[in-house]
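Heads up, the thing below is written out as structure tokens.
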Amino acid sequence: DARVTQTPRHKVTEMGQEVTMRCQPILGHNTVFWYRQTMMQGLELLAYFRNRAPLDDSGMPKDRFSAEMPDATLATLKIQPSEPRDSAVYFCASGSSGPGDSPLHFGNGTRLTVT
Amino acid sequence: GENVEQHPSTLSVQEGDSAVIKCTYSDSASNYFPWYKQELGKGPQLIIDIRSNVGEKKDQRIAVTLNKTAKHFSLHITETQPEDSAVYFCAASETSYDKVIFGPGTSLSVIP
């Protein structure tokens with residue numbers, strides 16, 4: 001059963017530290033999304049890529065967040081420097097455009113706590 | 001941009017009863033409306049979706065309806081079971097593979 005894999009599952013860090021979250025999309029999916037989930041804001045779209053090119057990162061704080069796809073099997077989301085308000089669950093999702101398009105499949109998230 | 005509203009925020013039903021969750025959206029360009037179920041500690045999981053050229057879709061105990069004119073869509077769960085207890089999200093998008101905007105979620109509790 002194909003699935004989106006996210007690492008780490010949990011991360012606790014101190015304010016000011018760099019955090020890197022990784023995502024392995026489902027093989028063959030060409031669209032990758034990063035969402036952040038908090039009690040107050042719900043599921044917010046941070047950024048998404050198609051064929052490794054960024055399509056929209058308007059939901060992402062540009063001064064401290066960055067998202068990349070070094071290759072088709074890896075997406076990364078970095079926060080530098082991290083702040084307590086960044087504490088949330090970060091989800092990666094992948095999908096596929098074109099014939100036989102596939103809707104979003106989510107990973108199980110990275111729970112980030114910044115102290 | 002798209003805005004999705006969802007009601008109620010919490011819903012409690014007796015096992016065997018039906019549950020209905022309603023959503024509205026704002027962007028007339030949206031044509032794809034998925035529903036996701038999220039269990040504790042897991043990512044959202046797609047349970048059913050509907051496209052704008054269809055008014056209703058059913059899959060066993062789950063059905064979705066869409067009124068594109070009114071920009072309303074709803075999820076109906078019949079014969080609810082305790083394992084249906086979870087948070088349910090409605091969402092809207094132009095296509096199944098474009099950015100999906102989520103509603104705030106409904107926490108459903110099915111009481112045995």
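The way I read the labels, and the way they are meant: chains A, B, ... in the order of the structure tokens, residue 1 as the first residue of every chain, and ligand 1 as the first ligand shown, with later ones counted on from there.
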Could you write out as an MDAnalysis selection string the residues of chain B within 7 Å of chain A, counting only C-alpha atoms? chainID B and resid 42:45 96:97 102 104
Write out as number ranges by chain each polymer residue whose atoms come within 6 Å of stretch 55-63 of chain B, counting only C-alpha atoms; drop sequence neighbours fewer than 3 positions from it. B: 66, 75-78
Report the residues of stretch 17-112 of chain B whose backbone DSSP state falls under strand (DSSP E), written as a CSV table (one decimal) with C-alpha atoms, in the first residue's frame.
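Printed below is out08.csv as written:
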chain,number,residue,atom,x,y,z
B,19,ALA,CA,-24.6,12.3,11.0
B,20,VAL,CA,-24.6,15.3,8.6
B,21,ILE,CA,-21.8,17.8,8.1
B,22,LYS,CA,-22.3,20.9,6.0
B,23,CYS,CA,-19.9,23.1,4.2
B,24,THR,CA,-19.9,26.2,2.0
B,25,TYR,CA,-17.2,27.6,-0.3
B,32,TYR,CA,-13.4,19.4,-6.8
B,33,PHE,CA,-14.7,18.7,-3.2
B,34,PRO,CA,-13.0,16.0,-1.1
B,35,TRP,CA,-13.8,14.9,2.4
B,36,TYR,CA,-11.1,13.7,4.7
B,37,LYS,CA,-11.2,11.8,8.0
B,38,GLN,CA,-8.5,12.3,10.6
B,45,GLN,CA,-7.3,10.3,4.9
B,46,LEU,CA,-9.5,10.8,1.9
B,47,ILE,CA,-12.9,9.0,2.3
B,48,ILE,CA,-14.9,10.3,-0.6
B,49,ASP,CA,-14.8,13.1,-3.1
B,50,ILE,CA,-17.2,14.7,-5.6
B,51,ARG,CA,-16.6,16.8,-8.7
B,56,GLU,CA,-24.5,13.3,-5.5
B,57,LYS,CA,-22.1,10.4,-4.8
B,58,LYS,CA,-22.5,7.4,-2.5
B,59,ASP,CA,-20.1,4.8,-1.2
B,62,ILE,CA,-21.2,7.6,3.1
B,63,ALA,CA,-22.8,10.0,0.7
B,64,VAL,CA,-21.9,13.5,-0.5
B,65,THR,CA,-24.2,16.1,-2.1
B,66,LEU,CA,-23.2,19.2,-4.0
B,67,ASN,CA,-25.2,22.3,-4.9
B,72,HIS,CA,-23.0,24.2,-0.6
B,73,PHE,CA,-21.9,20.6,-0.1
B,74,SER,CA,-22.6,18.0,2.6
B,75,LEU,CA,-21.4,14.7,4.0
B,76,HIS,CA,-24.0,12.2,5.2
B,77,ILE,CA,-23.0,9.1,7.2
B,86,ALA,CA,-12.9,11.2,14.2
B,87,VAL,CA,-12.4,14.7,12.9
B,88,TYR,CA,-13.9,15.2,9.4
B,89,PHE,CA,-12.7,17.9,7.0
B,90,CYS,CA,-14.4,19.2,3.9
B,91,ALA,CA,-12.2,20.9,1.3
B,92,ALA,CA,-12.4,22.6,-2.1
B,101,ILE,CA,-8.3,24.5,0.9
B,102,PHE,CA,-9.7,22.9,4.0
B,106,THR,CA,-16.0,18.7,12.6
B,107,SER,CA,-15.2,16.5,15.6
B,108,LEU,CA,-17.7,13.6,15.4
B,109,SER,CA,-18.3,11.3,18.4
B,110,VAL,CA,-20.4,8.2,18.0
B,111,ILE,CA,-21.7,7.0,21.4
Using only C-alpha atoms, find the one residue out of B:Ser52, B:Val4, B:Pro112, B:Glu79 that sits nearest to B:Ala29.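 Under the stated criterion, the closest residue is B:Ser52.
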Report as a short mmCIF file (atom, residue, chain, number, x, y, z; two decimals) with N, CA, C and O atoms, in the first residue's frame all protein, DNA and RNA residues lying within 9 Å of A:Glu18, evaluated on only C-alpha atoms, omitting residues in the same chain fewer than 5 positions from it.
data_model
loop_
_atom_site.label_atom_id
_atom_site.label_comp_id
_atom_site.auth_asym_id
_atom_site.auth_seq_id
_atom_site.Cartn_x
_atom_site.Cartn_y
_atom_site.Cartn_z
N THR A 13 12.73 20.99 20.01
CA THR A 13 13.92 21.79 19.83
C THR A 13 13.79 23.09 20.61
O THR A 13 12.69 23.48 21.01
N LYS A 78 12.32 23.55 5.93
CA LYS A 78 13.26 24.01 6.95
C LYS A 78 12.74 25.26 7.64
O LYS A 78 12.13 26.11 7.00
N ILE A 79 13.02 25.33 8.92
CA ILE A 79 12.71 26.53 9.70
C ILE A 79 14.01 26.97 10.38
O ILE A 79 14.65 26.20 11.08
N GLN A 80 14.41 28.20 10.12
CA GLN A 80 15.62 28.74 10.69
C GLN A 80 15.53 30.25 10.82
O GLN A 80 15.46 30.94 9.79
N PRO A 81 15.54 30.80 12.03
CA PRO A 81 15.52 30.12 13.31
C PRO A 81 14.11 29.76 13.74
O PRO A 81 13.15 30.43 13.37
N SER A 82 13.97 28.69 14.51
CA SER A 82 12.64 28.30 14.96
C SER A 82 12.18 29.16 16.14
O SER A 82 13.00 29.69 16.90
#
Exercise: B:Thr80 partners within 7 Å, only C-alpha atoms, chain neighbours under 5 positions left out, as number ranges by chain: B: 15-18, 110
Which one is closest to A:Thr115: A:Gln17, A:Asn51, A:Thr76, A:Gln37? Count only C-alpha atoms. A:Gln17
Identify, on the basis of only C-alpha atoms, every residue whose closest approach to A:Met69 does not exceed 8 Å; exclude the query and any residue fewer than 2 positions from it along the same chain; express the result as a compact mmCIF listing (two decimals) with C-alpha atoms, in the first residue's frame.
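Below is the file selection-v5.txt, written as the result:
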# COMPACT_ATOMS: atom_id res chain seq x y z
CA PHE A 49 5.46 21.88 -5.85
CA ARG A 52 9.86 19.73 -8.29
CA ALA A 53 9.14 23.38 -9.19
CA ALA A 67 10.85 24.44 1.13
CA ASP A 71 14.86 15.31 -6.20
CA ALA A 72 11.55 13.66 -7.07
CA LEU A 74 12.46 13.98 -1.36
CA ALA A 75 10.84 17.20 -0.19
CA THR A 76 12.20 19.24 2.71
